[in-house]
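What follows is run-v1.tsv (TSV, C-alpha atoms and all ligand atoms).
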chain	number	residue	atom	x	y	z
P	172	MET	CA	19.54	20.40	-12.29
P	173	GLY	CA	18.16	23.76	-13.44
P	174	GLU	CA	18.74	25.87	-16.49
P	175	LEU	CA	22.07	27.30	-17.51
P	176	THR	CA	22.83	30.78	-16.25
P	177	LEU	CA	24.36	33.57	-18.29
P	178	ARG	CA	27.37	33.53	-15.99
P	179	GLU	CA	27.89	29.79	-16.58
P	180	CYS	CA	27.56	30.24	-20.32
P	181	ALA	CA	30.03	33.11	-20.35
P	182	ALA	CA	32.57	31.01	-18.46
P	183	GLY	CA	33.07	28.91	-21.59
P	184	SER	CA	35.43	31.24	-23.38
P	185	GLU	CA	37.39	34.44	-23.00
P	186	THR	CA	35.39	36.10	-25.76
P	187	LEU	CA	32.04	35.40	-24.08
P	188	LEU	CA	33.40	36.47	-20.69
P	189	ALA	CA	34.43	39.78	-22.24
P	190	LEU	CA	30.92	40.22	-23.63
P	191	TRP	CA	29.37	39.43	-20.28
P	192	HIS	CA	31.58	42.02	-18.60
P	193	ASP	CA	30.47	44.57	-21.18
P	194	PHE	CA	26.89	43.74	-20.24
P	195	LEU	CA	27.65	44.08	-16.51
P	196	ASN	CA	29.29	47.45	-17.10
P	197	GLY	CA	26.52	48.71	-19.36
P	198	ARG	CA	28.84	48.89	-22.35
P	199	MET	CA	27.10	46.45	-24.65
P	200	ALA	CA	27.48	46.94	-28.39
P	201	SER	CA	24.09	47.54	-29.96
P	202	ALA	CA	24.71	44.84	-32.57
P	203	LEU	CA	26.49	41.57	-31.88
P	204	LEU	CA	27.31	38.77	-34.26
P	205	LEU	CA	28.30	35.52	-32.53
P	206	ILE	CA	30.20	33.27	-34.92
P	207	GLY	CA	31.15	29.67	-34.29
P	208	GLU	CA	30.52	26.02	-35.00
P	209	SER	CA	27.12	24.60	-34.34
P	210	GLY	CA	26.70	23.39	-30.75
P	211	VAL	CA	29.23	25.64	-29.02
P	212	GLY	CA	26.54	27.59	-27.16
P	213	LYS	CA	26.09	30.73	-29.27
P	214	ARG	CA	22.33	30.47	-29.30
P	215	THR	CA	22.03	29.75	-25.58
P	216	PHE	CA	24.27	32.70	-24.82
P	217	ALA	CA	22.37	35.04	-27.18
P	218	ARG	CA	19.02	34.05	-25.68
P	219	LEU	CA	20.22	34.46	-22.11
P	220	LEU	CA	21.80	37.80	-22.91
P	221	ALA	CA	18.61	39.00	-24.59
P	222	GLN	CA	16.60	37.86	-21.57
P	223	ALA	CA	19.06	39.58	-19.25
P	224	LEU	CA	18.62	42.82	-21.18
P	225	LEU	CA	14.87	42.65	-20.54
P	226	CYS	CA	15.07	41.37	-16.95
P	227	SER	CA	13.87	43.74	-14.27
P	228	GLY	CA	13.78	41.24	-11.42
P	229	THR	CA	17.03	42.30	-9.82
P	230	GLU	CA	19.28	45.34	-9.72
P	231	ASP	CA	22.30	43.09	-9.62
P	232	ALA	CA	23.35	42.61	-13.24
P	233	GLU	CA	25.46	39.59	-12.29
P	234	HIS	CA	22.30	37.69	-11.45
P	235	LYS	CA	20.39	38.58	-14.55
P	236	PRO	CA	18.35	37.06	-16.03
P	237	CYS	CA	16.50	36.17	-12.83
P	238	GLY	CA	14.04	33.89	-14.61
P	239	ALA	CA	11.18	34.93	-12.35
P	240	CYS	CA	10.24	38.53	-13.16
P	241	ARG	CA	7.56	39.58	-15.60
P	242	GLY	CA	10.15	40.47	-18.25
P	243	CYS	CA	11.86	37.08	-17.97
P	244	LYS	CA	8.61	35.14	-17.98
P	245	ARG	CA	7.32	36.94	-21.02
P	246	PHE	CA	10.65	36.50	-22.78
P	247	LEU	CA	10.68	32.77	-22.05
P	248	SER	CA	7.12	32.29	-23.25
P	249	ARG	CA	7.95	34.31	-26.35
P	250	THR	CA	5.23	36.80	-25.54
P	251	HIS	CA	7.45	39.76	-24.68
P	252	PRO	CA	6.36	42.58	-26.97
P	253	ASP	CA	9.89	44.03	-27.08
P	254	ALA	CA	11.67	40.79	-27.93
P	255	LEU	CA	11.69	40.01	-31.62
P	256	PHE	CA	12.83	36.78	-33.23
P	257	PRO	CA	12.84	37.06	-37.01
P	258	ALA	CA	13.03	33.44	-38.20
P	259	PRO	CA	12.07	31.26	-41.17
P	260	LEU	CA	8.32	30.73	-41.49
P	261	PRO	CA	7.10	27.18	-40.93
P	262	LYS	CA	8.19	24.91	-43.80
P	263	GLU	CA	10.63	27.52	-45.09
P	264	LYS	CA	14.38	27.31	-44.86
P	265	THR	CA	15.31	30.95	-45.26
P	266	ILE	CA	14.50	34.13	-43.37
P	267	LYS	CA	12.72	36.21	-45.96
P	268	ILE	CA	12.38	39.96	-46.18
P	269	ASP	CA	8.80	39.82	-44.87
P	270	ALA	CA	10.05	38.61	-41.50
P	271	LEU	CA	12.38	41.61	-41.36
P	272	ARG	CA	9.67	44.06	-42.46
P	273	GLY	CA	7.49	42.98	-39.56
P	274	MET	CA	10.41	43.61	-37.23
P	275	ILE	CA	11.10	47.06	-38.69
P	276	ASP	CA	7.47	47.97	-38.37
P	277	THR	CA	7.54	47.07	-34.69
P	278	LEU	CA	10.79	48.92	-34.11
P	279	SER	CA	9.42	52.06	-35.74
P	280	ARG	CA	6.86	52.31	-32.95
P	281	HIS	CA	7.60	53.12	-29.37
P	282	SER	CA	8.82	50.32	-27.17
P	283	LEU	CA	5.73	48.67	-25.74
P	284	GLU	CA	7.16	48.26	-22.29
P	285	GLY	CA	8.90	51.61	-22.40
P	286	GLY	CA	12.37	50.15	-22.15
P	287	ARG	CA	14.86	48.20	-24.14
P	288	ARG	CA	14.15	46.13	-27.15
P	289	VAL	CA	16.05	43.12	-28.38
P	290	VAL	CA	16.11	41.44	-31.76
P	291	VAL	CA	17.51	37.91	-31.80
P	292	ILE	CA	18.32	36.43	-35.19
P	293	GLU	CA	19.51	32.86	-34.84
P	294	ASN	CA	21.28	31.32	-37.81
P	295	ALA	CA	21.52	34.75	-39.41
P	296	GLU	CA	23.01	33.12	-42.50
P	297	LYS	CA	19.50	31.93	-43.28
P	298	MET	CA	18.53	35.49	-44.20
P	299	THR	CA	18.10	35.96	-47.94
P	300	PRO	CA	20.26	38.73	-49.51
P	301	GLN	CA	17.17	40.96	-49.62
P	302	ALA	CA	16.49	40.33	-45.96
P	303	GLN	CA	20.11	41.07	-45.11
P	304	ASN	CA	19.96	44.36	-46.98
P	305	CYS	CA	16.80	45.23	-45.13
P	306	LEU	CA	18.51	44.49	-41.81
P	307	LEU	CA	21.51	46.54	-42.88
P	308	LYS	CA	19.31	49.56	-43.43
P	309	THR	CA	17.90	49.16	-39.92
P	310	LEU	CA	21.36	48.82	-38.41
P	311	GLU	CA	22.50	51.93	-40.28
P	312	ASP	CA	19.54	53.97	-39.11
P	313	GLY	CA	20.10	52.88	-35.55
P	314	ALA	CA	17.27	52.62	-33.05
P	315	GLU	CA	17.50	53.86	-29.52
P	316	ASP	CA	17.88	51.26	-26.79
P	317	THR	CA	17.59	48.43	-29.29
P	318	TYR	CA	19.99	45.49	-29.29
P	319	PHE	CA	20.55	43.12	-32.18
P	320	LEU	CA	21.93	39.70	-31.28
P	321	LEU	CA	22.81	37.58	-34.29
P	322	THR	CA	24.33	34.12	-34.43
P	323	CYS	CA	25.81	32.31	-37.40
P	324	ASP	CA	27.84	29.19	-38.15
P	325	VAL	CA	29.21	30.50	-41.43
P	326	GLU	CA	30.58	33.99	-41.26
P	327	SER	CA	31.07	34.38	-45.00
P	328	ALA	CA	27.31	33.96	-45.56
P	329	ILE	CA	26.71	37.29	-43.83
P	330	LEU	CA	27.14	40.46	-45.91
P	331	PRO	CA	30.42	42.21	-45.09
P	332	THR	CA	28.43	45.43	-44.68
P	333	ILE	CA	26.40	43.82	-41.88
P	334	ARG	CA	29.49	42.36	-40.26
P	335	SER	CA	31.12	45.76	-40.24
P	336	ARG	CA	28.11	47.15	-38.33
P	337	CYS	CA	28.28	44.41	-35.71
P	338	ARG	CA	30.72	43.54	-33.02
P	339	CYS	CA	31.81	40.15	-34.35
P	340	VAL	CA	32.68	37.64	-31.66
P	341	ARG	CA	34.16	34.24	-32.40
P	342	VAL	CA	32.96	31.55	-30.04
P	343	GLN	CA	35.20	28.51	-29.64
P	344	PRO	CA	34.13	25.11	-28.33
P	345	TRP	CA	34.74	24.84	-24.60
P	346	GLU	CA	37.93	23.24	-23.35
P	347	PRO	CA	37.09	19.95	-21.56
P	348	GLU	CA	38.62	21.32	-18.33
P	349	ARG	CA	36.19	24.26	-18.30
P	350	ILE	CA	33.25	21.95	-18.88
P	351	GLU	CA	34.37	19.59	-16.16
P	352	LYS	CA	34.69	22.52	-13.73
P	353	ALA	CA	31.23	23.84	-14.65
P	354	LEU	CA	29.70	20.38	-14.18
P	355	LEU	CA	31.38	19.88	-10.80
P	356	LYS	CA	30.04	23.28	-9.71
P	357	ARG	CA	26.57	22.01	-10.55
P	358	GLY	CA	27.11	18.99	-8.37
P	359	VAL	CA	27.62	16.40	-11.10
P	360	PRO	CA	29.64	13.51	-9.62
P	361	ALA	CA	33.36	13.75	-10.48
P	362	GLU	CA	33.54	10.58	-12.55
P	363	ARG	CA	30.61	11.59	-14.71
P	364	ALA	CA	31.79	15.17	-15.03
P	365	GLN	CA	35.09	13.90	-16.36
P	366	ALA	CA	33.47	11.55	-18.87
P	367	LEU	CA	30.96	14.17	-20.03
P	368	SER	CA	33.61	16.85	-20.48
P	369	VAL	CA	35.39	14.60	-22.95
P	370	TYR	CA	32.33	13.46	-24.88
P	371	CYS	CA	30.17	16.56	-25.16
P	372	GLU	CA	32.17	17.97	-28.08
P	373	GLY	CA	32.84	21.26	-26.37
P	374	SER	CA	29.20	22.04	-25.56
P	375	LEU	CA	28.12	22.49	-21.94
P	376	GLY	CA	24.48	22.34	-23.03
P	377	ARG	CA	25.06	18.95	-24.62
P	378	ALA	CA	26.94	17.77	-21.52
P	379	LEU	CA	23.95	18.67	-19.35
P	380	GLN	CA	21.56	16.91	-21.70
P	381	MET	CA	23.73	13.79	-21.63
P	382	GLN	CA	23.98	13.95	-17.85
P	383	GLU	CA	20.20	13.82	-17.52
P	384	ASP	CA	19.72	11.18	-20.17
P	385	ALA	CA	19.56	7.83	-18.38
P	386	SER	CA	19.60	5.93	-21.68
P	387	TYR	CA	23.00	7.46	-22.48
P	388	TRP	CA	24.51	6.00	-19.29
P	389	GLN	CA	22.87	2.66	-20.03
P	390	ALA	CA	24.37	2.69	-23.52
P	391	ARG	CA	27.81	3.35	-22.03
P	392	GLU	CA	27.35	0.37	-19.73
P	393	THR	CA	26.38	-1.76	-22.71
P	394	VAL	CA	29.57	-0.73	-24.54
P	395	LYS	CA	31.60	-1.63	-21.46
P	396	ARG	CA	29.93	-5.01	-21.12
P	397	SER	CA	30.28	-5.84	-24.80
P	398	PHE	CA	33.00	-4.37	-27.01
P	399	LEU	CA	35.29	-3.42	-24.13
P	400	SER	CA	34.92	-6.71	-22.29
P	401	VAL	CA	36.18	-8.83	-25.18
P	402	LYS	CA	39.19	-10.77	-23.95
P	403	SER	CA	39.69	-13.73	-26.21
P	404	ALA	CA	37.68	-15.62	-28.80
P	405	ALA	CA	36.10	-17.53	-25.89
P	406	SER	CA	34.61	-14.33	-24.45
P	407	LEU	CA	32.87	-13.33	-27.68
P	408	PRO	CA	29.52	-15.10	-27.13
P	409	GLY	CA	29.13	-13.47	-23.71
P	410	ALA	CA	29.97	-10.04	-25.09
P	411	ALA	CA	27.62	-10.59	-28.01
P	412	GLN	CA	24.83	-11.38	-25.56
P	413	ALA	CA	25.06	-7.83	-24.16
P	414	LEU	CA	24.44	-6.46	-27.67
P	415	LYS	CA	21.41	-8.57	-28.42
P	416	ASP	CA	18.28	-6.47	-28.93
P	417	GLN	CA	20.42	-3.32	-29.13
P	418	LYS	CA	19.98	-2.89	-32.88
P	419	ASP	CA	17.96	0.30	-32.51
P	420	GLN	CA	20.70	2.10	-30.73
P	421	GLY	CA	23.51	0.67	-32.82
P	422	ASP	CA	24.64	4.10	-34.02
P	423	ARG	CA	24.85	5.41	-30.51
P	424	LEU	CA	26.83	2.38	-29.30
P	425	LEU	CA	29.29	2.78	-32.16
P	426	ASP	CA	29.59	6.51	-31.31
P	427	ILE	CA	30.32	5.76	-27.67
P	428	LEU	CA	32.83	3.04	-28.55
P	429	GLU	CA	34.59	5.41	-30.93
P	430	GLN	CA	34.66	8.19	-28.31
P	431	GLU	CA	36.03	5.77	-25.72
P	432	ILE	CA	38.86	4.63	-27.95
P	433	ARG	CA	39.67	8.16	-29.08
P	434	GLY	CA	39.70	9.17	-25.42
P	435	LEU	CA	42.13	6.35	-24.62
P	436	LEU	CA	44.41	7.35	-27.52
P	437	HIS	CA	44.31	10.94	-26.32
P	438	ALA	CA	45.07	9.91	-22.74
P	439	LYS	CA	48.01	7.82	-23.95
P	440	ALA	CA	49.35	10.71	-25.99
P	441	LEU	CA	49.16	12.97	-22.92
P	442	GLY	CA	50.45	10.32	-20.55
P	443	ASP	CA	47.22	10.74	-18.55
P	444	THR	CA	47.11	7.48	-16.60
P	445	ASP	CA	43.99	8.46	-14.62
P	446	ARG	CA	41.94	8.45	-17.75
P	447	ALA	CA	43.44	5.21	-19.07
P	448	ASP	CA	42.61	3.60	-15.70
P	449	ASP	CA	38.92	3.56	-16.67
P	450	PHE	CA	39.68	0.83	-19.21
P	451	PRO	CA	40.10	-2.90	-18.55
P	452	PRO	CA	43.80	-3.62	-17.85
P	453	ALA	CA	44.47	-5.21	-21.26
P	454	TRP	CA	43.37	-2.00	-23.02
P	455	GLN	CA	45.76	0.14	-21.04
P	456	ASP	CA	48.68	-1.56	-22.77
P	457	ALA	CA	47.18	-1.39	-26.26
P	458	PRO	CA	49.59	0.11	-28.82
P	459	PRO	CA	48.17	3.25	-30.47
P	460	ALA	CA	48.56	1.77	-33.96
P	461	SER	CA	46.31	-1.10	-32.94
P	462	LEU	CA	43.71	1.25	-31.46
P	463	ARG	CA	43.70	3.16	-34.73
P	464	ARG	CA	43.00	-0.06	-36.61
P	465	ILE	CA	40.01	-0.62	-34.32
P	466	LEU	CA	38.81	2.90	-35.12
P	467	GLU	CA	38.97	2.00	-38.80
P	468	ALA	CA	36.97	-1.14	-38.10
P	469	ILE	CA	34.30	1.03	-36.39
P	470	LEU	CA	34.17	3.17	-39.51
P	471	THR	CA	33.68	0.06	-41.62
P	472	ALA	CA	30.95	-1.14	-39.26
P	473	ARG	CA	29.14	2.17	-39.75
P	474	ARG	CA	29.33	1.76	-43.51
P	475	TRP	CA	27.90	-1.71	-43.22
P	476	LYS	CA	25.16	-0.45	-41.00
P	477	ASN	CA	24.24	2.18	-43.57
P	478	ALA	CA	24.23	-0.57	-46.20
P	479	ASN	CA	21.70	-2.46	-44.05
P	480	VAL	CA	23.99	-5.24	-42.90
P	481	GLY	CA	22.37	-6.91	-39.88
P	482	TRP	CA	23.36	-5.61	-36.44
P	483	ALA	CA	24.27	-9.04	-35.04
P	484	ALA	CA	26.66	-9.83	-37.91
P	485	LEU	CA	28.16	-6.37	-37.85
P	486	SER	CA	28.70	-6.13	-34.10
P	487	GLU	CA	30.13	-9.64	-33.94
P	488	GLY	CA	32.48	-8.81	-36.82
P	489	LEU	CA	33.67	-5.77	-34.93
P	490	MET	CA	34.24	-7.76	-31.74
P	491	GLN	CA	36.13	-10.34	-33.78
P	492	THR	CA	38.45	-7.58	-35.03
P	493	ILE	CA	38.96	-6.32	-31.47
P	494	SER	CA	39.77	-9.82	-30.31
P	495	GLU	CA	42.28	-10.27	-33.18
P	496	GLU	CA	43.95	-6.97	-32.27
P	497	MET	CA	44.10	-7.95	-28.62
P	498	LYS	CA	46.17	-10.99	-29.50
P	499	THR	CA	48.90	-8.64	-30.69
P	500	TRP	CA	48.88	-6.65	-27.40
P	501	GLN	CA	49.86	-9.50	-25.14
P	502	VAL	CA	53.34	-9.94	-26.50
L	601	ZN	ZN	14.12	38.62	-14.66
For the file at hand, write its structure as structure tokens.
Amino acid sequence: MGELTLRECAAGSETLLALWHDFLNGRMASALLLIGESGVGKRTFARLLAQALLCSGTEDAEHKPCGACRGCKRFLSRTHPDALFPAPLPKEKTIKIDALRGMIDTLSRHSLEGGRRVVVIENAEKMTPQAQNCLLKTLEDGAEDTYFLLTCDVESAILPTIRSRCRCVRVQPWEPERIEKALLKRGVPAERAQALSVYCEGSLGRALQMQEDASYWQARETVKRSFLSVKSAASLPGAAQALKDQKDQGDRLLDILEQEIRGLLHAKALGDTDRADDFPPAWQDAPPASLRRILEAILTARRWKNANVGWAALSEGLMQTISEEMKTWQV
């Protein structure tokens, strides 16, 4: 399916598109701070942008990074002398001042490839206050043709003085419609693209991972053949059979079931009958209040699971609840 491109990543939000256009027009800020929840694609975007800055494989900025030139290859193998990644040392949680000193030392010398240099600091909030002050000094001094790309989940953990030196860009989770469009462009079948766009929590990267993960699609099938195929008390043993030996992926099955039911509630709220059509007919008529009670039962099942209640007892209990709720739908 291939790696994500910078263009695809930028398509996720207006703020990233604006940044990409700045890159295309050669108007990039020398220090960027990408702020947003974990999983929205900040890191992927920062890495691709850094690689694009060092790519010499094509004159056409729209197609950078090319992925094939010397600059790209060295960047990807983390051997590019002008790409710096200050990060926590193994077994450490914070980025200490030593990591920054090494970076400053490198920056004080001439660029090794005679061109741009990029510094990528992922999870910049991991920098200790001393490290942040050290970075601030570097930002204040300014270095020619050097770009700093920082990402953080928690903006308030970054010194205001650093933030004021950076162009701060808030990155929102992708809208499902944008993800669906991006997946269709990549040739993902329509039905899967639709499902993935709802379940990837606003992350195209996660959607692509899920798309390639055969076990995910198997788990969805299992949920369909078990929890969602409960009809009456008589159907419980058959449904339970589908969950036998599935203990190890119990959490994932509960996640998928929860996502499915939330998706159905959402579709009902929007009057989106296409989406509701994916469910067995009985479910399409389920009253929202009843679906919410099932969501609560899933929550309880999770608690039981964490308290080491056996998977068979727990999943059968949950199916029992679903079957009880279903009785109230057929009035
Ligand atoms: Zn390249």
Give as a ChimeraX atom specification each residue that has an atom at most 10 Å from (27.0, 41.0, -38.3) in the file, counting all atoms listed in the file.
-> /P:202-206,295-296,303,306-307,310,319-323,326,329-340
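Using only C-alpha atoms and all ligand atoms, residues with at least one atom at most 8 Å away from any atom of ligand ZN 601 (chain L) are Gln222, Ala223, Leu225, Cys226, Ser227, Gly228, Thr229, Lys235, Pro236, Cys237, Gly238, Ala239, Cys240, Arg241, Gly242, Cys243 and Lys244 of chain P.
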Between P:Arg363, P:Lys213, P:Arg396, P:Arg245, which has the minimum distance to Lys415 of chain P (counting all atoms listed in the file)?
-> P:Arg396
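When atom CA of Glu293 of chain P is paired with atom CA of Leu195 of chain P, their separation reads 23.0 Å.
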Find the residues near Ser184 of chain P: any atom within 7 Å, counting all atoms listed in the file, skip ones fewer than 3 places away on the same chain, and give them as a short mmCIF file (atom, residue, chain, number, x, y, z; two decimals) with C-alpha atoms, in the frame of the given file.
data_model
loop_
_atom_site.label_atom_id
_atom_site.label_comp_id
_atom_site.auth_asym_id
_atom_site.auth_seq_id
_atom_site.Cartn_x
_atom_site.Cartn_y
_atom_site.Cartn_z
CA ALA P 181 30.03 33.11 -20.35
CA LEU P 187 32.04 35.40 -24.08
CA LEU P 188 33.40 36.47 -20.69
CA GLN P 343 35.20 28.51 -29.64
CA TRP P 345 34.74 24.84 -24.60
#
If I only have part of segment 483-495 of chain P, can you fill in N, CA, C and O atoms and write it as a compact mmCIF listing (two decimals), in the frame of the given file?
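The result, stored in rebuild-v2.txt:
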# COMPACT_ATOMS: atom_id res chain seq x y z
N ALA P 483 23.58 -7.93 -35.71
CA ALA P 483 24.27 -9.04 -35.04
C ALA P 483 25.57 -9.37 -35.79
O ALA P 483 26.65 -9.44 -35.19
N ALA P 484 25.48 -9.48 -37.11
CA ALA P 484 26.66 -9.83 -37.91
C ALA P 484 27.71 -8.73 -37.79
O ALA P 484 28.91 -9.00 -37.62
N LEU P 485 27.24 -7.52 -37.84
CA LEU P 485 28.16 -6.37 -37.85
C LEU P 485 28.86 -6.20 -36.50
O LEU P 485 30.07 -6.00 -36.43
N SER P 486 28.09 -6.34 -35.41
CA SER P 486 28.70 -6.13 -34.10
C SER P 486 29.63 -7.30 -33.76
O SER P 486 30.69 -7.11 -33.18
N GLU P 487 29.25 -8.50 -34.20
CA GLU P 487 30.13 -9.64 -33.94
C GLU P 487 31.42 -9.52 -34.76
O GLU P 487 32.51 -9.84 -34.26
N GLY P 488 31.29 -9.03 -35.98
CA GLY P 488 32.48 -8.81 -36.82
C GLY P 488 33.44 -7.83 -36.16
O GLY P 488 34.66 -8.03 -36.14
N LEU P 489 32.85 -6.79 -35.58
CA LEU P 489 33.67 -5.77 -34.93
C LEU P 489 34.37 -6.35 -33.68
O LEU P 489 35.56 -6.09 -33.44
N MET P 490 33.64 -7.15 -32.93
CA MET P 490 34.24 -7.76 -31.74
C MET P 490 35.35 -8.74 -32.14
O MET P 490 36.36 -8.84 -31.47
N GLN P 491 35.11 -9.43 -33.26
CA GLN P 491 36.13 -10.34 -33.78
C GLN P 491 37.42 -9.57 -34.07
O GLN P 491 38.51 -9.98 -33.69
N THR P 492 37.28 -8.41 -34.73
CA THR P 492 38.45 -7.58 -35.03
C THR P 492 39.16 -7.17 -33.75
O THR P 492 40.38 -7.22 -33.66
N ILE P 493 38.36 -6.75 -32.74
CA ILE P 493 38.96 -6.32 -31.47
C ILE P 493 39.73 -7.49 -30.86
O ILE P 493 40.87 -7.33 -30.41
N SER P 494 39.12 -8.66 -30.90
CA SER P 494 39.77 -9.82 -30.31
C SER P 494 41.07 -10.17 -31.05
O SER P 494 42.08 -10.51 -30.44
N GLU P 495 41.06 -10.03 -32.39
CA GLU P 495 42.28 -10.27 -33.18
C GLU P 495 43.38 -9.27 -32.79
O GLU P 495 44.53 -9.62 -32.61
